[in-house]
file query.tsv (TSV, C-alpha atoms)
chain	number	residue	atom	x	y	z
Z	4	MET	CA	0.00	0.00	0.00
Z	5	GLU	CA	0.99	3.57	-0.66
Z	6	VAL	CA	-0.57	5.89	1.92
Z	7	GLU	CA	-0.38	9.45	0.72
Z	8	ILE	CA	-1.82	12.89	1.24
Z	9	LYS	CA	-1.41	15.90	-1.02
Z	10	ALA	CA	-2.04	19.60	-0.42
Z	11	ARG	CA	-1.30	22.98	-1.96
Z	12	ILE	CA	2.07	24.04	-0.58
Z	13	PRO	CA	1.93	26.47	2.38
Z	14	GLU	CA	4.10	29.60	2.57
Z	15	ASN	CA	7.80	29.03	3.44
Z	16	PHE	CA	7.25	25.30	3.46
Z	17	GLU	CA	10.81	24.22	2.70
Z	18	GLU	CA	12.15	26.49	5.47
Z	19	ARG	CA	9.77	24.68	7.82
Z	20	LEU	CA	11.17	21.34	6.60
Z	21	ARG	CA	14.71	22.48	7.33
Z	22	GLU	CA	13.70	23.64	10.84
Z	23	LEU	CA	12.36	20.12	11.45
Z	24	ASN	CA	15.68	18.68	10.19
Z	25	ALA	CA	14.12	16.94	7.22
Z	26	GLU	CA	16.84	15.47	5.07
Z	27	PHE	CA	16.92	16.73	1.48
Z	28	LEU	CA	17.47	13.72	-0.78
Z	29	ARG	CA	17.41	14.86	-4.42
Z	30	GLU	CA	15.68	16.93	-7.07
Z	31	VAL	CA	14.45	15.22	-10.20
Z	32	VAL	CA	12.39	16.06	-13.26
Z	33	GLU	CA	9.61	13.49	-13.53
Z	34	GLU	CA	7.69	12.91	-16.73
Z	35	ASP	CA	4.73	10.52	-16.50
Z	36	ILE	CA	2.84	9.20	-19.50
Z	37	TYR	CA	-0.65	8.07	-18.45
Z	38	PHE	CA	-2.67	5.47	-20.33
Z	39	ASN	CA	-6.35	4.55	-20.34
Z	40	HIS	CA	-7.50	0.92	-20.49
Z	41	PRO	CA	-8.78	-0.69	-23.73
Z	42	CYS	CA	-12.12	-1.64	-22.17
Z	43	ARG	CA	-12.35	0.10	-18.78
Z	44	ASP	CA	-12.49	3.80	-18.05
Z	45	PHE	CA	-9.78	4.39	-15.46
Z	46	ALA	CA	-11.36	7.77	-14.64
Z	47	SER	CA	-14.46	5.87	-13.46
Z	48	THR	CA	-12.69	2.93	-11.81
Z	49	ASP	CA	-10.20	5.27	-10.08
Z	50	GLU	CA	-7.20	3.31	-11.36
Z	51	ALA	CA	-4.12	4.55	-13.20
Z	52	LEU	CA	-1.38	3.16	-15.40
Z	53	ARG	CA	1.68	5.19	-16.21
Z	54	ILE	CA	5.24	5.04	-17.48
Z	55	ARG	CA	7.65	7.32	-15.61
Z	56	ASN	CA	10.93	8.53	-17.12
Z	57	ASP	CA	12.83	6.73	-14.34
Z	58	TYR	CA	12.02	3.49	-16.23
Z	59	THR	CA	9.09	2.45	-14.05
Z	60	LEU	CA	5.72	1.12	-15.16
Z	61	THR	CA	3.19	1.69	-12.38
Z	62	TYR	CA	-0.34	0.45	-11.77
Z	63	LYS	CA	-2.38	2.26	-9.12
Z	64	GLY	CA	-5.55	0.72	-7.75
Z	65	PRO	CA	-8.62	2.63	-6.54
Z	66	LYS	CA	-8.30	4.83	-3.45
Z	67	VAL	CA	-9.27	2.96	-0.31
Z	68	ASP	CA	-10.57	5.72	2.00
Z	69	LYS	CA	-12.34	9.06	1.91
Z	70	ASP	CA	-9.64	11.54	2.90
Z	71	THR	CA	-6.18	10.35	1.81
Z	72	LYS	CA	-4.94	9.17	-1.60
Z	73	SER	CA	-4.03	5.71	-0.26
Z	74	ARG	CA	-4.08	2.89	-2.80
Z	75	GLU	CA	-2.42	-0.28	-3.89
Z	76	GLU	CA	0.52	0.33	-6.17
Z	77	ILE	CA	2.56	-2.10	-8.28
Z	78	ASN	CA	5.86	-0.81	-9.67
Z	79	LEU	CA	7.79	-2.62	-12.37
Z	80	LYS	CA	11.22	-1.50	-13.57
Z	81	ILE	CA	11.45	-1.65	-17.37
Z	82	GLU	CA	14.44	-1.36	-19.67
Z	83	ASN	CA	13.02	0.82	-22.44
Z	84	ILE	CA	10.30	3.48	-22.31
Z	85	GLU	CA	9.47	3.58	-26.05
Z	86	ASP	CA	9.11	-0.22	-26.22
Z	87	ALA	CA	6.90	-0.23	-23.13
Z	88	ALA	CA	4.64	2.47	-24.62
Z	89	ALA	CA	4.51	0.63	-27.99
Z	90	LEU	CA	3.64	-2.65	-26.26
Z	91	LEU	CA	0.84	-1.03	-24.23
Z	92	GLU	CA	-0.55	0.63	-27.36
Z	93	LYS	CA	-0.54	-2.72	-29.22
Z	94	LEU	CA	-2.66	-4.06	-26.35
Z	95	GLY	CA	-5.15	-1.23	-26.88
Z	96	PHE	CA	-4.09	1.11	-24.08
Z	97	ARG	CA	-4.34	4.76	-25.11
Z	98	LYS	CA	-2.13	7.67	-24.02
Z	99	VAL	CA	-4.29	10.26	-22.29
Z	100	ALA	CA	-1.82	12.82	-20.97
Z	101	THR	CA	1.73	13.50	-19.91
Z	102	VAL	CA	2.38	15.09	-16.51
Z	103	ARG	CA	5.71	16.87	-16.00
Z	104	LYS	CA	7.01	18.16	-12.71
Z	105	THR	CA	10.10	19.08	-10.79
Z	106	ARG	CA	10.10	17.08	-7.56
Z	107	ARG	CA	12.28	17.66	-4.51
Z	108	TYR	CA	12.43	14.60	-2.26
Z	109	TYR	CA	12.88	14.97	1.50
Z	110	SER	CA	12.95	12.34	4.24
Z	111	LEU	CA	11.58	12.92	7.75
Z	112	ASP	CA	10.66	10.38	10.45
Z	113	SER	CA	10.99	7.58	7.90
Z	114	LEU	CA	8.37	9.21	5.63
Z	115	THR	CA	8.92	10.71	2.21
Z	116	ILE	CA	7.94	14.30	1.53
Z	117	CYS	CA	7.75	15.48	-2.10
Z	118	VAL	CA	7.81	19.16	-2.94
Z	119	ASP	CA	6.42	19.34	-6.45
Z	120	ASN	CA	6.26	22.05	-9.07
Z	121	VAL	CA	3.86	20.67	-11.64
Z	122	GLU	CA	3.64	22.05	-15.18
Z	123	LYS	CA	0.30	23.90	-15.64
Z	124	LEU	CA	-0.75	23.21	-12.01
Z	125	GLY	CA	1.75	24.87	-9.70
Z	126	ARG	CA	3.24	23.86	-6.37
Z	127	PHE	CA	2.07	21.00	-4.13
Z	128	VAL	CA	3.43	18.87	-1.32
Z	129	GLU	CA	2.87	15.15	-0.88
Z	130	VAL	CA	3.58	13.10	2.24
Z	131	GLU	CA	3.79	9.40	1.68
Z	132	CYS	CA	4.46	6.12	3.41
Z	133	ILE	CA	4.78	2.67	1.84
Z	134	GLY	CA	3.61	-0.21	4.05
Z	135	GLU	CA	0.67	-1.44	6.12
Z	136	TYR	CA	-2.33	0.88	5.82
Z	137	GLU	CA	-3.19	1.68	9.47
Z	138	PRO	CA	0.27	2.51	10.91
Z	139	CYS	CA	1.19	4.37	7.71
Z	140	ARG	CA	-2.00	6.39	7.81
Z	141	GLU	CA	-1.34	7.41	11.41
Z	142	LYS	CA	2.24	8.51	10.66
Z	143	VAL	CA	1.22	10.44	7.56
Z	144	MET	CA	-1.61	12.28	9.33
Z	145	GLU	CA	0.55	13.16	12.31
Z	146	LEU	CA	3.31	14.57	10.08
Z	147	ALA	CA	0.82	16.44	7.88
Z	148	HIS	CA	-0.49	18.11	11.02
Z	149	ARG	CA	3.02	19.09	12.22
Z	150	LEU	CA	3.74	20.51	8.77
Z	151	GLY	CA	0.56	22.61	8.84
Z	152	LEU	CA	-0.94	20.88	5.79
Z	153	LYS	CA	-4.68	21.12	5.34
Z	154	ASN	CA	-7.34	21.16	2.60
Z	155	PHE	CA	-6.02	17.92	1.19
Z	156	GLU	CA	-6.28	17.46	-2.56
Z	157	ARG	CA	-7.41	13.94	-3.40
Z	158	ARG	CA	-7.39	14.37	-7.16
Z	159	SER	CA	-4.30	13.07	-8.91
Z	160	TYR	CA	-2.10	15.34	-11.01
Z	161	LEU	CA	-3.50	13.50	-14.02
Z	162	GLU	CA	-7.07	14.41	-13.06
Z	163	LEU	CA	-6.06	18.02	-12.38
Z	164	VAL	CA	-4.21	18.29	-15.71
Z	165	LEU	CA	-7.17	16.80	-17.59
Z	166	GLN	CA	-9.45	19.32	-15.85
Z	167	THR	CA	-7.33	22.23	-17.11
Z	168	GLY	CA	-8.17	20.92	-20.58
Z	169	THR	CA	-4.62	21.45	-21.81
Z	170	ALA	CA	-3.31	17.86	-21.69
F	557	MET	CA	9.62	-8.35	-37.59
F	558	GLU	CA	10.37	-11.87	-36.51
F	559	VAL	CA	10.36	-14.25	-39.51
F	560	GLU	CA	10.14	-17.81	-38.30
F	561	ILE	CA	9.31	-21.33	-39.39
F	562	LYS	CA	8.77	-24.31	-37.15
F	563	ALA	CA	8.70	-28.04	-37.90
F	564	ARG	CA	8.82	-31.39	-36.16
F	565	ILE	CA	12.49	-32.25	-35.78
F	566	PRO	CA	13.89	-34.65	-38.43
F	567	GLU	CA	16.08	-37.66	-37.49
F	568	ASN	CA	19.70	-36.88	-36.57
F	569	PHE	CA	19.02	-33.17	-36.90
F	570	GLU	CA	21.76	-31.91	-34.58
F	571	GLU	CA	24.37	-34.06	-36.37
F	572	ARG	CA	23.27	-32.35	-39.58
F	573	LEU	CA	23.73	-28.96	-37.89
F	574	ARG	CA	27.27	-29.91	-36.86
F	575	GLU	CA	28.10	-31.04	-40.41
F	576	LEU	CA	27.02	-27.62	-41.63
F	577	ASN	CA	29.27	-26.02	-38.96
F	578	ALA	CA	26.39	-24.41	-37.12
F	579	GLU	CA	27.69	-22.79	-33.94
F	580	PHE	CA	26.15	-24.11	-30.72
F	581	LEU	CA	25.40	-21.10	-28.51
F	582	ARG	CA	23.69	-22.30	-25.33
F	583	GLU	CA	21.05	-24.50	-23.78
F	584	VAL	CA	18.37	-22.91	-21.62
F	585	VAL	CA	15.18	-23.89	-19.87
F	586	GLU	CA	12.48	-21.48	-20.99
F	587	GLU	CA	9.25	-21.04	-19.07
F	588	ASP	CA	6.63	-18.83	-20.70
F	589	ILE	CA	3.48	-17.65	-18.96
F	590	TYR	CA	0.85	-16.70	-21.53
F	591	PHE	CA	-1.97	-14.25	-20.88
F	592	ASN	CA	-5.26	-13.52	-22.59
F	593	HIS	CA	-6.54	-9.98	-23.07
F	594	PRO	CA	-9.25	-8.48	-20.81
F	595	CYS	CA	-11.53	-7.70	-23.77
F	596	ARG	CA	-10.07	-9.37	-26.84
F	597	ASP	CA	-9.64	-13.07	-27.52
F	598	PHE	CA	-6.01	-13.49	-28.53
F	599	ALA	CA	-6.83	-16.95	-29.92
F	600	SER	CA	-9.10	-15.19	-32.45
F	601	THR	CA	-6.93	-12.15	-33.13
F	602	ASP	CA	-3.80	-14.32	-33.45
F	603	GLU	CA	-1.87	-12.21	-30.94
F	604	ALA	CA	0.05	-13.30	-27.87
F	605	LEU	CA	1.36	-11.80	-24.65
F	606	ARG	CA	3.79	-13.67	-22.49
F	607	ILE	CA	6.32	-13.34	-19.69
F	608	ARG	CA	9.45	-15.47	-20.16
F	609	ASN	CA	11.71	-16.52	-17.28
F	610	ASP	CA	14.58	-14.55	-18.88
F	611	TYR	CA	12.78	-11.40	-17.63
F	612	THR	CA	11.19	-10.49	-20.95
F	613	LEU	CA	7.62	-9.35	-21.56
F	614	THR	CA	6.73	-10.04	-25.20
F	615	TYR	CA	3.83	-8.98	-27.41
F	616	LYS	CA	3.37	-10.87	-30.68
F	617	GLY	CA	1.14	-9.48	-33.41
F	618	PRO	CA	-0.90	-11.55	-35.88
F	619	LYS	CA	0.96	-13.68	-38.43
F	620	VAL	CA	1.48	-11.81	-41.69
F	621	ASP	CA	1.57	-14.59	-44.29
F	622	LYS	CA	0.15	-18.02	-45.01
F	623	ASP	CA	3.12	-20.34	-44.55
F	624	THR	CA	5.59	-18.98	-41.98
F	625	LYS	CA	5.03	-17.78	-38.41
F	626	SER	CA	6.26	-14.27	-39.22
F	627	ARG	CA	4.86	-11.52	-37.06
F	628	GLU	CA	5.64	-8.27	-35.35
F	629	GLU	CA	7.20	-8.74	-31.94
F	630	ILE	CA	7.87	-6.25	-29.15
F	631	ASN	CA	10.20	-7.35	-26.37
F	632	LEU	CA	10.56	-5.48	-23.11
F	633	LYS	CA	13.06	-6.42	-20.42
F	634	ILE	CA	11.50	-6.30	-16.96
F	635	GLU	CA	13.06	-6.48	-13.53
F	636	ASN	CA	10.62	-8.77	-11.73
F	637	ILE	CA	8.43	-11.56	-13.08
F	638	GLU	CA	5.97	-11.76	-10.16
F	639	ASP	CA	5.36	-8.00	-10.22
F	640	ALA	CA	4.86	-8.07	-13.99
F	641	ALA	CA	2.31	-10.91	-13.69
F	642	ALA	CA	0.51	-9.13	-10.81
F	643	LEU	CA	0.38	-5.89	-12.79
F	644	LEU	CA	-1.05	-7.63	-15.87
F	645	GLU	CA	-3.65	-9.39	-13.73
F	646	LYS	CA	-4.70	-6.09	-12.13
F	647	LEU	CA	-5.30	-4.81	-15.67
F	648	GLY	CA	-7.58	-7.78	-16.33
F	649	PHE	CA	-5.20	-10.03	-18.28
F	650	ARG	CA	-5.72	-13.70	-17.43
F	651	LYS	CA	-3.10	-16.46	-17.32
F	652	VAL	CA	-4.06	-19.14	-19.83
F	653	ALA	CA	-1.11	-21.54	-19.79
F	654	THR	CA	2.56	-22.00	-19.04
F	655	VAL	CA	4.82	-23.51	-21.72
F	656	ARG	CA	8.08	-25.10	-20.57
F	657	LYS	CA	10.83	-26.27	-22.85
F	658	THR	CA	14.53	-27.00	-23.09
F	659	ARG	CA	15.91	-24.96	-25.97
F	660	ARG	CA	19.29	-25.38	-27.62
F	661	TYR	CA	20.31	-22.28	-29.59
F	662	TYR	CA	22.49	-22.56	-32.68
F	663	SER	CA	23.70	-19.90	-35.10
F	664	LEU	CA	24.19	-20.53	-38.83
F	665	ASP	CA	24.51	-18.00	-41.67
F	666	SER	CA	23.43	-15.21	-39.31
F	667	LEU	CA	20.16	-17.02	-38.53
F	668	THR	CA	19.10	-18.53	-35.22
F	669	ILE	CA	18.12	-22.19	-35.02
F	670	CYS	CA	16.32	-23.41	-31.92
F	671	VAL	CA	16.18	-27.10	-31.09
F	672	ASP	CA	13.29	-27.40	-28.64
F	673	ASN	CA	12.09	-30.16	-26.37
F	674	VAL	CA	8.69	-28.93	-25.24
F	675	GLU	CA	6.92	-30.36	-22.19
F	676	LYS	CA	3.86	-32.39	-23.32
F	677	LEU	CA	4.58	-31.73	-27.03
F	678	GLY	CA	7.97	-33.21	-27.88
F	679	ARG	CA	10.78	-32.05	-30.13
F	680	PHE	CA	10.65	-29.26	-32.70
F	681	VAL	CA	13.04	-27.03	-34.56
F	682	GLU	CA	12.56	-23.34	-35.25
F	683	VAL	CA	14.55	-21.21	-37.71
F	684	GLU	CA	14.27	-17.50	-37.19
F	685	CYS	CA	15.50	-14.17	-38.43
F	686	ILE	CA	14.83	-10.74	-36.96
F	687	GLY	CA	14.69	-7.89	-39.48
F	688	GLU	CA	13.01	-6.82	-42.72
F	689	TYR	CA	10.36	-9.29	-43.83
F	690	GLU	CA	11.37	-10.09	-47.44
F	691	PRO	CA	15.13	-10.70	-47.07
F	692	CYS	CA	14.54	-12.57	-43.79
F	693	ARG	CA	11.88	-14.74	-45.36
F	694	GLU	CA	14.22	-15.68	-48.22
F	695	LYS	CA	17.08	-16.59	-45.85
F	696	VAL	CA	14.83	-18.61	-43.56
F	697	MET	CA	13.26	-20.58	-46.42
F	698	GLU	CA	16.63	-21.29	-48.01
F	699	LEU	CA	18.08	-22.59	-44.76
F	700	ALA	CA	14.96	-24.64	-43.95
F	701	HIS	CA	15.39	-26.32	-47.34
F	702	ARG	CA	19.08	-27.08	-46.71
F	703	LEU	CA	18.16	-28.52	-43.31
F	704	GLY	CA	15.52	-30.77	-44.83
F	705	LEU	CA	12.66	-29.17	-42.87
F	706	LYS	CA	9.17	-29.63	-44.24
F	707	ASN	CA	5.55	-29.84	-43.07
F	708	PHE	CA	5.87	-26.57	-41.24
F	709	GLU	CA	3.85	-26.17	-38.04
F	710	ARG	CA	2.25	-22.73	-37.92
F	711	ARG	CA	0.54	-23.21	-34.58
F	712	SER	CA	2.36	-21.77	-31.60
F	713	TYR	CA	3.45	-23.94	-28.68
F	714	LEU	CA	0.70	-22.22	-26.71
F	715	GLU	CA	-1.94	-23.30	-29.22
F	716	LEU	CA	-0.54	-26.84	-29.28
F	717	VAL	CA	-0.46	-27.06	-25.48
F	718	LEU	CA	-4.03	-25.74	-25.24
F	719	GLN	CA	-5.09	-28.36	-27.80
F	720	THR	CA	-3.64	-31.15	-25.64
F	721	GLY	CA	-6.07	-29.96	-22.99
F	722	THR	CA	-3.49	-30.27	-20.23
F	723	ALA	CA	-2.48	-26.65	-19.80
call {"tool": "encode", "arguments": {"input": "query.tsv", "output": "structure tokens"}}
result
Amino acid sequence: MEVEIKARIPENFEERLRELNAEFLREVVEEDIYFNHPCRDFASTDEALRIRNDYTLTYKGPKVDKDTKSREEINLKIENIEDAAALLEKLGFRKVATVRKTRRYYSLDSLTICVDNVEKLGRFVEVECIGEYEPCREKVMELAHRLGLKNFERRSYLELVLQTGTA
Amino acid sequence: MEVEIKARIPENFEERLRELNAEFLREVVEEDIYFNHPCRDFASTDEALRIRNDYTLTYKGPKVDKDTKSREEINLKIENIEDAAALLEKLGFRKVATVRKTRRYYSLDSLTICVDNVEKLGRFVEVECIGEYEPCREKVMELAHRLGLKNFERRSYLELVLQTGTA
């Protein structure tokens, strides 16, 4: 399980992270190609399938609760992005949008914090924990509170990008 | 394109290969898990999707002619077989059969010759060439003739295994 919350980034957020001694890990440019299913509408079933430019194919299952973005996730490392996209398209999957962002990864209390600047959408923060649902959920909520995060955004970047109508 | 013919193996076939100075490359045990599509019947569309135990996910398109097994093929190296199978199953693909064989690879005149001993089916030989259809087809047919191969088998091992009813 991936237990995750997302929110619009508060003022001076990264200063706050440094005060809490969060460890800055790395900054990367992530480009995600999202696909829809040949005979299911992922927007209705709340699933997602994407290829990330770090050579990962990811399936995300439906969200499991009402407030966080927690869901099952299967990640598969692949050797070639073009071949993976061609193979999916042969199977009838259709590209729906590409989401690009600059992501700054931090680590704090064994959780991952992502400070994202998403093309067309702006700046967000995500707090995530991979593991058993209940303990992860507790840790994520506690840290979100300490970080002053509120008004959680449950829509994915893909949904938000599609809603801007510029995908 | 993969241009390929398959036939029941003739008597003393590997001696014949040695006489022709074919180069023995390696012997491997191949285990292929085949999947059917969530909303297409691959048996009807003449496509195939499989995970091989050499960490390859392969899509095969429909055969393009009436005598060989030539078809488009997309191969994608993957890091983890269980994750790949789980991901496909989440997308609605269903395991239909596993095909196991011992395969001895030879090289001759820049073509690949596979001497296969397939569980439940017995011994076959395949001659294959990856590249442009026409020149590959010519090379494959010429070598098949020199090797005394006839009565080509156009059905895949998957089809043959499913026909035995023991998959």
call {"tool": "interface_residues", "arguments": {"input": "query.tsv", "of": "chain F", "to": "chain Z", "cutoff": "7 Å", "atoms": "all atoms listed in the file", "output": "list in words"}}
result
Cys595, Tyr615, Ile630, Leu632, Lys633, Ile634, Glu635, Asn636, Asp639, Ala640 and Leu643 of chain F
call {"tool": "atom_distance", "arguments": {"input": "query.tsv", "atom1": "CA of Arg710 (chain F)", "atom2": "CA of Glu570 (chain F)"}}
result
21.8 Å
call {"tool": "closest_residue", "arguments": {"input": "query.tsv", "among": "F:Ile686, F:Leu576, F:Val620, F:Leu716", "to": "Leu667 (chain F)", "atoms": "all atoms listed in the file"}}
result
F:Ile686
call {"tool": "residues_around", "arguments": {"input": "query.tsv", "residues": "region 670-683 of chain F", "least_positions_apart": "3", "cutoff": "10 Å", "atoms": "all atoms listed in the file", "output": "PyMOL selection string"}}
result
chain F and resi 559-566+569-570+580-586+625+654-664+667+695-697+699-700+703+705+708-709+713+716-717+720+722-723
call {"tool": "write_last_selection", "arguments": {"input": "query.tsv", "atoms": "C-alpha atoms", "output": "compact mmCIF listing (two decimals), in the coordinates of the input"}}
result
# COMPACT_ATOMS: atom_id res chain seq x y z
CA VAL F 559 10.36 -14.25 -39.51
CA GLU F 560 10.14 -17.81 -38.30
CA ILE F 561 9.31 -21.33 -39.39
CA LYS F 562 8.77 -24.31 -37.15
CA ALA F 563 8.70 -28.04 -37.90
CA ARG F 564 8.82 -31.39 -36.16
CA ILE F 565 12.49 -32.25 -35.78
CA PRO F 566 13.89 -34.65 -38.43
CA PHE F 569 19.02 -33.17 -36.90
CA GLU F 570 21.76 -31.91 -34.58
CA PHE F 580 26.15 -24.11 -30.72
CA LEU F 581 25.40 -21.10 -28.51
CA ARG F 582 23.69 -22.30 -25.33
CA GLU F 583 21.05 -24.50 -23.78
CA VAL F 584 18.37 -22.91 -21.62
CA VAL F 585 15.18 -23.89 -19.87
CA GLU F 586 12.48 -21.48 -20.99
CA LYS F 625 5.03 -17.78 -38.41
CA THR F 654 2.56 -22.00 -19.04
CA VAL F 655 4.82 -23.51 -21.72
CA ARG F 656 8.08 -25.10 -20.57
CA LYS F 657 10.83 -26.27 -22.85
CA THR F 658 14.53 -27.00 -23.09
CA ARG F 659 15.91 -24.96 -25.97
CA ARG F 660 19.29 -25.38 -27.62
CA TYR F 661 20.31 -22.28 -29.59
CA TYR F 662 22.49 -22.56 -32.68
CA SER F 663 23.70 -19.90 -35.10
CA LEU F 664 24.19 -20.53 -38.83
CA LEU F 667 20.16 -17.02 -38.53
CA LYS F 695 17.08 -16.59 -45.85
CA VAL F 696 14.83 -18.61 -43.56
CA MET F 697 13.26 -20.58 -46.42
CA LEU F 699 18.08 -22.59 -44.76
CA ALA F 700 14.96 -24.64 -43.95
CA LEU F 703 18.16 -28.52 -43.31
CA LEU F 705 12.66 -29.17 -42.87
CA PHE F 708 5.87 -26.57 -41.24
CA GLU F 709 3.85 -26.17 -38.04
CA TYR F 713 3.45 -23.94 -28.68
CA LEU F 716 -0.54 -26.84 -29.28
CA VAL F 717 -0.46 -27.06 -25.48
CA THR F 720 -3.64 -31.15 -25.64
CA THR F 722 -3.49 -30.27 -20.23
CA ALA F 723 -2.48 -26.65 -19.80
call {"tool": "atom_distance", "arguments": {"input": "query.tsv", "atom1": "CA of Arg711 (chain F)", "atom2": "CA of Phe598 (chain F)"}}
result
13.2 Å
call {"tool": "closest_residue", "arguments": {"input": "query.tsv", "among": "Z:Glu162, Z:Glu92, Z:Glu75, Z:Glu131", "to": "Met4 (chain Z)", "atoms": "all atoms listed in the file"}}
result
Z:Glu75
call {"tool": "closest_residue", "arguments": {"input": "query.tsv", "among": "F:Asn568, F:Ser600, F:Asn609, F:Asn592", "to": "Val652 (chain F)", "atoms": "all atoms listed in the file"}}
result
F:Asn592
call {"tool": "atom_distance", "arguments": {"input": "query.tsv", "atom1": "CA of Ile607 (chain F)", "atom2": "CA of Tyr590 (chain F)"}}
result
6.7 Å
call {"tool": "closest_residue", "arguments": {"input": "query.tsv", "among": "F:Glu567, F:Glu575, F:Asp597, F:Glu698", "to": "Arg650 (chain F)", "atoms": "only C-alpha atoms"}}
result
F:Asp597
call {"tool": "build_atoms", "arguments": {"input": "query.tsv", "residues": "region 599-620 of chain F", "atoms": "N, CA and C atoms", "output": "compact mmCIF listing (two decimals), in the coordinates of the input"}}
result
# COMPACT_ATOMS: atom_id res chain seq x y z
N ALA F 599 -6.76 -15.77 -29.05
CA ALA F 599 -6.83 -16.95 -29.92
C ALA F 599 -7.50 -16.57 -31.25
N SER F 600 -8.44 -15.64 -31.22
CA SER F 600 -9.10 -15.19 -32.45
C SER F 600 -8.27 -14.15 -33.20
N THR F 601 -7.66 -13.23 -32.47
CA THR F 601 -6.93 -12.15 -33.13
C THR F 601 -5.52 -12.58 -33.51
N ASP F 602 -5.13 -13.78 -33.11
CA ASP F 602 -3.80 -14.32 -33.45
C ASP F 602 -2.68 -13.45 -32.86
N GLU F 603 -2.92 -12.96 -31.66
CA GLU F 603 -1.87 -12.21 -30.94
C GLU F 603 -1.42 -13.05 -29.75
N ALA F 604 -0.37 -12.61 -29.09
CA ALA F 604 0.05 -13.30 -27.87
C ALA F 604 0.77 -12.32 -26.95
N LEU F 605 0.64 -12.58 -25.65
CA LEU F 605 1.36 -11.80 -24.65
C LEU F 605 1.91 -12.79 -23.64
N ARG F 606 3.20 -12.68 -23.39
CA ARG F 606 3.79 -13.67 -22.49
C ARG F 606 4.90 -13.04 -21.65
N ILE F 607 5.15 -13.66 -20.51
CA ILE F 607 6.32 -13.34 -19.69
C ILE F 607 7.23 -14.57 -19.72
N ARG F 608 8.48 -14.37 -20.13
CA ARG F 608 9.45 -15.47 -20.16
C ARG F 608 10.37 -15.35 -18.94
N ASN F 609 10.86 -16.50 -18.48
CA ASN F 609 11.71 -16.52 -17.28
C ASN F 609 13.10 -15.89 -17.50
N ASP F 610 13.35 -15.34 -18.71
CA ASP F 610 14.58 -14.55 -18.88
C ASP F 610 14.28 -13.06 -18.67
N TYR F 611 13.15 -12.77 -17.97
CA TYR F 611 12.78 -11.40 -17.63
C TYR F 611 12.44 -10.58 -18.87
N THR F 612 11.66 -11.21 -19.76
CA THR F 612 11.19 -10.49 -20.95
C THR F 612 9.67 -10.57 -21.02
N LEU F 613 9.05 -9.42 -21.26
CA LEU F 613 7.62 -9.35 -21.56
C LEU F 613 7.53 -9.17 -23.08
N THR F 614 6.77 -10.05 -23.74
CA THR F 614 6.73 -10.04 -25.20
C THR F 614 5.30 -9.95 -25.71
N TYR F 615 5.08 -9.03 -26.66
CA TYR F 615 3.83 -8.98 -27.41
C TYR F 615 4.10 -9.49 -28.82
N LYS F 616 3.27 -10.40 -29.30
CA LYS F 616 3.37 -10.87 -30.68
C LYS F 616 2.10 -10.50 -31.42
N GLY F 617 2.28 -9.84 -32.56
CA GLY F 617 1.14 -9.48 -33.41
C GLY F 617 0.69 -10.66 -34.25
N PRO F 618 -0.38 -10.47 -35.03
CA PRO F 618 -0.90 -11.55 -35.88
C PRO F 618 0.13 -11.96 -36.94
N LYS F 619 0.08 -13.21 -37.35
CA LYS F 619 0.96 -13.68 -38.43
C LYS F 619 0.63 -12.94 -39.72
N VAL F 620 1.66 -12.69 -40.52
CA VAL F 620 1.48 -11.81 -41.69
C VAL F 620 1.43 -12.56 -43.02
